[in-house]
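Coordinates as given in run.csv (CSV, C-alpha atoms):
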```csv
chain,number,residue,atom,x,y,z
A,89,MET,CA,-40.3,-8.8,36.5
A,90,SER,CA,-39.3,-10.6,33.3
A,91,GLY,CA,-35.8,-12.0,33.1
A,92,TYR,CA,-35.4,-10.8,29.5
A,93,THR,CA,-33.9,-7.5,28.6
A,94,LEU,CA,-34.8,-5.8,25.4
A,95,THR,CA,-31.8,-4.2,23.7
A,96,PRO,CA,-32.6,-1.6,21.0
A,97,THR,CA,-31.2,-2.4,17.6
A,98,SER,CA,-30.3,-0.1,14.7
A,99,THR,CA,-32.8,-0.3,11.9
A,100,SER,CA,-31.5,2.5,9.8
A,101,THR,CA,-30.0,0.2,7.1
A,102,ALA,CA,-33.2,-1.9,6.8
A,103,GLU,CA,-35.3,1.2,6.7
A,104,ALA,CA,-33.1,2.8,4.0
A,105,ALA,CA,-33.4,-0.4,1.9
A,106,VAL,CA,-37.2,-0.5,2.2
A,107,THR,CA,-37.4,3.2,1.3
A,108,LYS,CA,-35.2,2.7,-1.7
A,109,ARG,CA,-37.4,-0.1,-3.0
A,110,ASP,CA,-40.5,1.9,-2.4
A,111,THR,CA,-39.1,4.7,-4.6
A,112,SER,CA,-37.9,2.5,-7.4
A,113,PHE,CA,-39.2,-0.2,-9.7
A,114,SER,CA,-38.0,-3.6,-10.8
A,115,PRO,CA,-37.2,-3.8,-14.6
A,116,SER,CA,-40.5,-5.7,-15.4
A,117,ARG,CA,-42.5,-3.1,-13.4
A,118,ALA,CA,-40.7,-0.2,-15.0
A,119,ALA,CA,-41.3,-1.6,-18.4
A,120,ARG,CA,-45.1,-1.8,-17.7
A,121,GLU,CA,-45.1,1.7,-16.2
A,122,LEU,CA,-43.5,3.0,-19.5
A,123,GLY,CA,-45.8,0.9,-21.7
A,124,PHE,CA,-42.8,-0.9,-23.3
A,125,LYS,CA,-42.1,-4.6,-24.1
A,126,ARG,CA,-39.4,-6.1,-22.0
A,127,SER,CA,-37.1,-6.4,-25.0
A,128,GLN,CA,-37.6,-2.7,-25.8
A,129,PHE,CA,-37.0,-1.7,-22.2
A,130,GLU,CA,-33.8,-3.8,-21.9
A,131,LEU,CA,-32.4,-2.3,-25.2
A,132,ALA,CA,-33.2,1.2,-24.0
A,133,VAL,CA,-31.3,0.5,-20.8
A,134,ARG,CA,-28.4,-1.0,-22.7
A,135,LEU,CA,-28.2,2.1,-24.9
A,136,GLY,CA,-28.2,4.5,-22.0
A,137,HIS,CA,-31.7,6.0,-22.7
A,138,ILE,CA,-33.0,4.7,-19.3
A,139,ARG,CA,-30.8,5.1,-16.2
A,140,THR,CA,-30.8,2.3,-13.7
A,141,LEU,CA,-29.3,1.9,-10.2
A,142,PRO,CA,-28.0,-1.1,-8.3
A,143,ASP,CA,-30.3,-3.0,-5.9
A,144,GLU,CA,-28.5,-3.1,-2.6
A,145,GLY,CA,-30.4,-6.3,-1.8
A,146,GLY,CA,-28.6,-8.1,-4.6
A,147,GLY,CA,-31.6,-8.4,-6.9
A,148,GLY,CA,-30.1,-6.8,-10.0
A,149,ARG,CA,-30.7,-3.4,-11.4
A,150,ARG,CA,-33.7,-1.1,-10.6
A,151,VAL,CA,-35.2,2.0,-12.0
A,152,ALA,CA,-35.9,5.0,-9.8
A,153,ARG,CA,-39.5,6.4,-9.8
A,154,ALA,CA,-38.0,9.8,-10.7
A,155,GLU,CA,-36.4,8.3,-13.8
A,156,VAL,CA,-39.8,6.9,-15.0
A,157,GLU,CA,-41.4,10.4,-14.4
A,158,ARG,CA,-38.5,12.1,-16.3
A,159,LEU,CA,-39.1,9.9,-19.3
A,160,ARG,CA,-42.9,10.4,-19.2
A,161,ALA,CA,-42.4,14.2,-19.1
A,162,LYS,CA,-40.7,14.3,-22.4
A,163,GLU,CA,-42.7,15.8,-25.3
A,164,ASP,CA,-42.0,12.9,-27.7
A,165,PHE,CA,-42.8,10.2,-25.2
A,166,PRO,CA,-43.4,7.3,-25.8
A,167,ASP,CA,-42.9,7.5,-29.6
A,168,GLY,CA,-39.5,9.2,-29.5
A,169,LEU,CA,-38.0,6.6,-27.2
A,170,ARG,CA,-39.6,3.7,-29.1
A,171,ARG,CA,-38.1,5.1,-32.3
A,172,ARG,CA,-34.6,5.4,-30.8
A,173,VAL,CA,-34.7,1.7,-29.7
A,174,GLU,CA,-36.3,0.2,-32.9
A,175,ALA,CA,-34.2,-2.7,-33.9
A,176,VAL,CA,-34.6,-4.4,-37.3
A,177,GLY,CA,-33.3,-7.6,-38.9
A,178,THR,CA,-31.6,-8.0,-42.2
A,179,GLY,CA,-34.9,-8.0,-44.2
A,180,GLN,CA,-36.1,-4.6,-42.9
A,181,ALA,CA,-32.5,-3.3,-43.1
A,182,THR,CA,-32.3,-4.0,-46.8
A,183,GLU,CA,-35.5,-2.0,-47.3
A,184,LEU,CA,-34.2,0.9,-45.4
A,185,LEU,CA,-30.9,1.1,-47.3
A,186,GLY,CA,-32.3,0.0,-50.7
A,187,VAL,CA,-29.8,-2.8,-51.1
A,188,THR,CA,-29.9,-6.6,-51.5
A,189,ARG,CA,-29.5,-9.0,-48.6
A,190,VAL,CA,-26.1,-10.1,-49.9
A,191,ARG,CA,-24.9,-6.5,-50.0
A,192,PHE,CA,-26.1,-5.6,-46.6
A,193,THR,CA,-24.6,-8.8,-45.0
A,194,ARG,CA,-21.3,-7.9,-46.6
A,195,LEU,CA,-21.5,-4.4,-45.1
A,196,ALA,CA,-22.3,-5.8,-41.7
A,197,ARG,CA,-19.4,-8.4,-41.8
A,198,LEU,CA,-17.0,-5.5,-42.7
A,199,GLY,CA,-18.2,-3.7,-39.6
A,200,LEU,CA,-19.6,-0.7,-41.5
A,201,VAL,CA,-23.0,-1.2,-39.7
A,202,VAL,CA,-22.9,-2.5,-36.1
A,203,PRO,CA,-25.5,-4.9,-34.6
A,204,VAL,CA,-27.2,-3.8,-31.4
A,205,ASP,CA,-28.6,-7.1,-30.4
A,206,PHE,CA,-29.1,-10.7,-31.6
A,207,TYR,CA,-31.2,-13.8,-31.0
A,208,VAL,CA,-30.9,-17.5,-32.0
A,209,ASN,CA,-33.8,-18.7,-34.1
A,210,ARG,CA,-35.3,-22.2,-34.0
A,211,TYR,CA,-32.8,-23.4,-36.6
A,212,ARG,CA,-30.0,-22.3,-34.2
A,213,ALA,CA,-28.9,-19.6,-36.6
A,214,VAL,CA,-27.8,-16.2,-35.2
A,215,VAL,CA,-30.1,-13.3,-36.2
A,216,TRP,CA,-28.5,-9.9,-35.9
A,217,LEU,CA,-30.5,-6.8,-35.2
A,218,TYR,CA,-29.6,-3.2,-36.1
A,219,LEU,CA,-30.9,0.2,-35.0
A,220,ALA,CA,-33.2,1.7,-37.6
A,221,ASP,CA,-32.0,5.2,-36.7
A,222,GLU,CA,-28.4,4.3,-37.3
A,223,LEU,CA,-29.2,2.6,-40.7
A,224,GLY,CA,-31.0,5.8,-41.7
A,225,GLU,CA,-27.9,7.9,-40.7
A,226,PHE,CA,-25.6,5.5,-42.6
A,227,ALA,CA,-27.7,5.8,-45.8
A,228,ALA,CA,-27.8,9.6,-45.5
A,229,GLU,CA,-24.0,9.9,-45.3
A,230,THR,CA,-22.7,11.0,-48.8
A,231,ASN,CA,-19.5,9.0,-48.3
A,232,ASN,CA,-21.5,5.8,-48.1
A,233,VAL,CA,-23.3,6.1,-51.4
A,234,SER,CA,-20.6,4.2,-53.3
A,235,LEU,CA,-20.8,1.4,-50.7
A,236,LEU,CA,-24.6,1.0,-51.3
A,237,ASN,CA,-24.8,1.0,-55.1
A,238,ARG,CA,-21.3,0.4,-56.5
A,239,PRO,CA,-18.9,-2.6,-56.4
A,240,LEU,CA,-17.0,-2.8,-53.2
A,241,PRO,CA,-13.3,-1.9,-53.3
A,242,GLU,CA,-10.9,-4.8,-53.9
A,243,THR,CA,-9.3,-4.5,-50.4
A,244,LEU,CA,-12.8,-5.0,-48.8
A,245,ARG,CA,-13.6,-7.9,-51.1
A,246,ASP,CA,-10.3,-9.6,-50.2
A,247,GLN,CA,-11.2,-9.3,-46.5
A,248,LEU,CA,-14.6,-10.9,-47.1
A,249,ASP,CA,-13.0,-13.7,-49.1
A,250,ALA,CA,-10.7,-14.3,-46.1
A,251,GLY,CA,-13.7,-14.9,-43.9
A,252,LEU,CA,-13.8,-11.6,-42.1
A,253,ASP,CA,-16.9,-11.2,-39.9
A,254,LEU,CA,-16.8,-8.4,-37.4
A,255,ARG,CA,-20.5,-8.7,-36.2
A,256,PRO,CA,-19.8,-10.6,-33.0
A,257,ARG,CA,-16.8,-8.5,-32.1
A,258,ASN,CA,-18.7,-5.2,-32.7
A,259,TRP,CA,-21.6,-6.4,-30.7
A,260,ARG,CA,-19.3,-7.3,-27.8
A,261,GLY,CA,-17.8,-3.8,-27.9
A,262,ARG,CA,-21.2,-2.3,-27.8
A,263,TYR,CA,-22.3,-4.6,-25.0
A,264,LEU,CA,-19.2,-3.8,-23.0
A,265,GLY,CA,-19.8,-0.1,-23.3
A,266,CYS,CA,-23.2,-0.7,-21.8
A,267,LEU,CA,-21.8,-2.6,-18.9
A,268,LEU,CA,-19.1,0.0,-18.2
A,269,ARG,CA,-21.8,2.8,-18.2
A,270,GLN,CA,-23.8,1.0,-15.6
A,271,SER,CA,-20.8,0.2,-13.3
A,272,GLY,CA,-20.7,2.4,-10.3
A,273,ASP,CA,-17.7,0.8,-8.7
A,274,PRO,CA,-14.2,0.0,-10.0
A,275,TRP,CA,-14.6,-3.7,-9.2
A,276,GLU,CA,-17.8,-3.7,-11.3
A,277,GLY,CA,-15.9,-2.2,-14.2
A,278,ALA,CA,-13.2,-4.8,-13.9
A,279,ALA,CA,-15.8,-7.6,-13.7
A,280,ALA,CA,-17.4,-6.3,-16.9
A,281,LEU,CA,-14.1,-6.7,-18.7
A,282,ALA,CA,-13.5,-10.1,-17.2
A,283,SER,CA,-16.9,-11.3,-18.3
A,284,LEU,CA,-15.8,-11.2,-22.0
A,285,LEU,CA,-12.7,-13.4,-21.3
A,286,ASP,CA,-12.3,-17.1,-20.7
A,287,PRO,CA,-12.3,-17.9,-16.9
A,288,LEU,CA,-9.0,-19.7,-17.3
A,289,LEU,CA,-7.4,-16.6,-18.8
A,290,VAL,CA,-8.9,-14.5,-16.0
A,291,SER,CA,-7.3,-16.8,-13.4
A,292,GLU,CA,-3.9,-16.1,-15.1
A,293,ILE,CA,-4.4,-12.4,-15.2
A,294,VAL,CA,-5.8,-12.2,-11.6
A,295,PRO,CA,-3.9,-15.0,-9.7
A,296,ASP,CA,-5.2,-13.9,-6.3
A,297,PRO,CA,-8.2,-16.1,-5.5
A,298,TYR,CA,-9.8,-13.5,-3.2
A,299,GLU,CA,-9.7,-10.9,-5.9
A,300,ARG,CA,-11.2,-13.4,-8.4
A,301,ALA,CA,-14.0,-14.2,-6.0
A,302,HIS,CA,-14.7,-10.4,-5.7
A,303,LEU,CA,-14.8,-10.1,-9.5
A,304,ASN,CA,-17.3,-13.0,-9.6
A,305,ARG,CA,-19.5,-11.2,-7.1
A,306,TYR,CA,-19.8,-8.3,-9.5
A,307,ARG,CA,-19.8,-10.4,-12.7
A,308,PRO,CA,-22.8,-9.3,-14.9
A,309,ARG,CA,-25.3,-11.9,-15.9
A,310,PRO,CA,-24.9,-13.0,-19.6
A,311,PRO,CA,-27.6,-12.2,-22.1
A,312,ALA,CA,-30.4,-14.6,-21.6
A,313,HIS,CA,-30.8,-16.8,-24.7
A,314,GLY,CA,-32.1,-20.3,-24.2
A,315,ALA,CA,-32.2,-22.5,-21.1
A,316,PRO,CA,-28.9,-23.0,-19.2
A,317,GLY,CA,-26.9,-25.8,-20.8
A,318,SER,CA,-28.9,-25.8,-24.0
A,319,PRO,CA,-27.2,-25.5,-27.5
A,320,THR,CA,-28.7,-22.0,-27.8
A,321,ALA,CA,-27.1,-21.0,-24.5
A,322,HIS,CA,-23.7,-22.4,-25.5
A,323,LEU,CA,-23.9,-20.5,-28.8
A,324,THR,CA,-24.7,-17.3,-26.9
A,325,GLU,CA,-21.7,-17.9,-24.6
A,326,ARG,CA,-19.4,-18.3,-27.7
A,327,ILE,CA,-20.6,-14.9,-29.0
A,328,THR,CA,-20.1,-13.3,-25.7
A,329,MET,CA,-16.5,-14.4,-25.3
A,330,ALA,CA,-13.7,-12.6,-27.1
A,331,GLU,CA,-12.0,-14.7,-29.7
A,332,ASP,CA,-9.7,-12.5,-31.8
A,333,PRO,CA,-6.1,-12.4,-30.5
A,334,ASP,CA,-5.9,-8.6,-30.7
A,335,GLU,CA,-9.3,-8.2,-29.0
A,336,ILE,CA,-8.2,-10.6,-26.2
A,337,ALA,CA,-4.9,-8.7,-25.9
A,338,TRP,CA,-6.5,-5.3,-25.3
A,339,LEU,CA,-9.1,-6.8,-23.0
A,340,ARG,CA,-6.3,-8.4,-21.0
A,341,ALA,CA,-4.4,-5.1,-20.7
A,342,ASP,CA,-7.6,-3.2,-19.7
A,343,LEU,CA,-8.4,-5.9,-17.1
A,344,VAL,CA,-4.9,-5.6,-15.5
A,345,ARG,CA,-5.3,-1.8,-15.3
A,346,ALA,CA,-8.8,-2.0,-14.0
A,347,VAL,CA,-8.0,-4.5,-11.3
A,348,SER,CA,-5.0,-2.4,-10.2
A,349,GLU,CA,-7.3,0.7,-9.9
A,350,ALA,CA,-10.0,-1.3,-8.1
A,351,ARG,CA,-7.3,-2.6,-5.7
A,352,ASP,CA,-6.2,0.9,-4.9
A,353,HIS,CA,-9.8,2.1,-4.5
A,354,ARG,CA,-10.7,-0.8,-2.1
A,355,PRO,CA,-8.8,-4.0,-1.6
A,356,ALA,CA,-10.8,-7.2,-2.1
A,357,PRO,CA,-12.1,-8.6,1.2
A,358,ARG,CA,-10.2,-11.4,2.8
A,359,PRO,CA,-10.9,-13.7,5.8
A,360,VAL,CA,-9.7,-12.2,9.1
A,361,PRO,CA,-8.3,-14.6,11.7
A,362,ARG,CA,-10.5,-14.7,14.8
A,363,CYS,CA,-8.5,-13.4,17.8
A,364,THR,CA,-10.0,-11.8,20.9
A,365,GLU,CA,-8.1,-9.8,23.4
A,366,GLU,CA,-8.6,-12.5,26.1
A,367,GLY,CA,-7.5,-15.2,23.6
A,368,ALA,CA,-4.4,-13.3,22.7
A,369,ARG,CA,-3.4,-13.1,26.4
A,370,GLN,CA,-4.0,-16.8,27.0
A,371,ASP,CA,-2.3,-17.9,23.8
A,372,GLY,CA,0.7,-15.8,24.5
A,373,PRO,CA,3.3,-15.0,21.7
A,374,PRO,CA,3.1,-16.7,18.3
A,375,VAL,CA,4.3,-20.2,18.0
A,376,ALA,CA,7.3,-19.2,15.9
A,377,GLU,CA,8.4,-16.8,18.6
A,378,ARG,CA,8.0,-19.4,21.3
A,379,ARG,CA,10.1,-21.8,19.4
A,380,GLN,CA,12.8,-19.2,19.0
A,381,ARG,CA,12.8,-18.4,22.7
A,382,GLY,CA,12.7,-22.0,23.7
A,383,THR,CA,10.7,-23.3,26.7
A,384,ALA,CA,12.7,-22.3,29.7
A,385,GLY,CA,11.6,-23.9,32.9
A,386,GLN,CA,9.5,-26.5,31.1
A,387,PRO,CA,10.6,-30.1,30.7
A,388,PRO,CA,11.0,-31.2,27.1
A,389,ARG,CA,8.3,-33.2,25.5
A,390,GLY,CA,8.4,-36.5,23.5
A,391,LEU,CA,10.9,-39.3,23.9
A,392,PHE,CA,13.5,-37.0,25.5
A,393,GLY,CA,10.9,-35.6,27.8
A,394,ARG,CA,10.1,-39.0,29.2
A,395,ILE,CA,13.8,-39.7,29.7
A,396,PHE,CA,14.2,-36.4,31.5
A,397,ARG,CA,11.2,-37.0,33.8
A,398,THR,CA,12.1,-40.6,34.7
A,399,GLY,CA,15.8,-39.9,35.1
A,400,ALA,CA,16.6,-42.8,32.8
```

Once you've parsed the file, please lay out its structure as structure tokens.
Amino acid sequence: MSGYTLTPTSTSTAEAAVTKRDTSFSPSRAARELGFKRSQFELAVRLGHIRTLPDEGGGGRRVARAEVERLRAKEDFPDGLRRRVEAVGTGQATELLGVTRVRFTRLARLGLVVPVDFYVNRYRAVVWLYLADELGEFAAETNNVSLLNRPLPETLRDQLDAGLDLRPRNWRGRYLGCLLRQSGDPWEGAAALASLLDPLLVSEIVPDPYERAHLNRYRPRPPAHGAPGSPTAHLTERITMAEDPDEIAWLRADLVRAVSEARDHRPAPRPVPRCTEEGARQDGPPVAERRQRGTAGQPPRGLFGRIFRTGA
């Protein structure tokens, strides 16, 4: 008879993970199943048109097979979804609104039209993208007619002359909304807020190192623009980080509230001291308690112990 004993192990967790991966797709596979470019797919996810779910294996977000089938079953698929995620640059935007490039840029800097995405071109200039559907709605609004074909009010011109440019801030607000929609856990929501703040400021807001480590675990990956450490990546990082004092102030307040709610929901994990029942019996009471009680019946240690034992 063999000297080894086979002990049955629970495989329910592993089987559940395998089943989940069998019934869901990676983002690249889901994009192919829907016939979309990866950029179109990612924008559709960001806007909430495609629902995703977390990968329990730590591989990012996934798309359920049922979600792909739901989208395919729509009458206007795929043209309807493509239309809703169509993003255009300044050149096409001016054609849609019937204005000059200068006028459109001014409207965007004032925050009257909000960018949905951006990229950095080969000249390291930021190119902002806007939803064609939203531009059409803006042009159709009767209250906006004067903004398109008449001189801008003096108050708006003064703001532009002072250097106002709300495009990065408005994009961050939209991006944060996407992250919060995808967060299924209070710590994920707090990590989304922390991702827009400087790490040094986050360490001031959340002084507990274990809570900060837990936030970092859920911290979303920044938008991929350029190789890590490249000038393009640094420029993208600057756009992603909040910079206006009032923006930082409300993000800070929201992060304090979010961490408090996450802490109430589930405290951040901390290292647990190893202590077995047998070890506890052998070690006896804590050191501080032993010191308080003294060491009755035991000869003192150190120099005075040697004197005690030798009778000197």

Using only C-alpha atoms, find each residue of region 206-259 of chain A with at least one atom at most 12 Å away from an atom of region 281-299 of chain A; report its shortest atom-to-atom pair and that distance in Å (one decimal), sort the rows by chain and rising residue number, and return the result as CSV.
```
residue,atom,partner,partner_atom,distance
A:Pro256,CA,A:Leu284,CA,11.7
A:Arg257,CA,A:Leu284,CA,10.5
A:Trp259,CA,A:Leu284,CA,11.5
```

Practice task
Figure out the distance between CA of Gln270 (chain A) and CA of Ser112 (chain A), please, to one decimal in Å.
Solution key: 16.4 Å

Problem - Distance criterion (all atoms listed in the file): nearest to Glu222 (chain A) out of A:His353, A:Arg134, A:Arg171, A:Arg197 - result: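 Under the stated criterion, the closest residue is A:Arg171.
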
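Using only C-alpha atoms, the shortest contact distance between Arg326 (chain A) and any of A:Ala196, A:Leu248, A:Val214, A:Val133 is found at A:Val214.
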
Practice task
Find the distance between CA of Gly148 (chain A) and CA of Arg262 (chain A) and write it in Å to one decimal.
Solution key: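 Those two atoms sit 20.4 Å apart.
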
Handout entry: 10 Å contact set for Arg354 (chain A), all atoms listed in the file, chain neighbours under 4 positions out, as a ChimeraX atom specification
Key = /A:273-275,349-350

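We find CA of Arg160 (chain A) and CA of Ser127 (chain A) to be spaced 18.7 Å apart.
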
Exercise for the section: Would you kindly identify which residues have an atom no farther than 9 Å from (-9.2, -6.7, -19.7), using only C-alpha atoms and the file's own coordinates, and write them out as an NGL selection string? Expected result: :A and (278-282 or 284-285 or 290 or 293 or 336-347)

Problem - Shell around Ala152 (chain A) at 7 Å using all atoms listed in the file, local window under 6 positions removed, as number ranges by chain - result: A: 111-113, 140

Handout entry: Selected residue of minimal separation from Arg172 (chain A) among A:Arg260, A:His137, A:Arg351, A:Arg126, counting all atoms listed in the file
Key =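 Checking each candidate against Arg172 (chain A), we get A:His137 as the closest.
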
Problem - Shell around Gly179 (chain A) at 10 Å using only C-alpha atoms, local window under 3 positions removed, as a count of residues only - result: 7

Problem - Polymer residues at most 8 Å from region 266-269 of chain A, only C-alpha atoms, same-chain spacing of 6 or more positions, as a ChimeraX atom specification - result: /A:134-136,276-277,280,308

Handout entry: Residue with smallest distance to Glu225 (chain A) - pool A:Ala213, A:Leu159, A:Ala119, A:Leu185, counting all atoms listed in the file
Key =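 With all atoms listed in the file as the atom set, the closest residue is A:Leu185.
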
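Nearest to Glu130 (chain A) of all the residues A:Ala301, A:Ala154, A:Ala356, A:Ala312 is A:Ala312, based on all atoms listed in the file.
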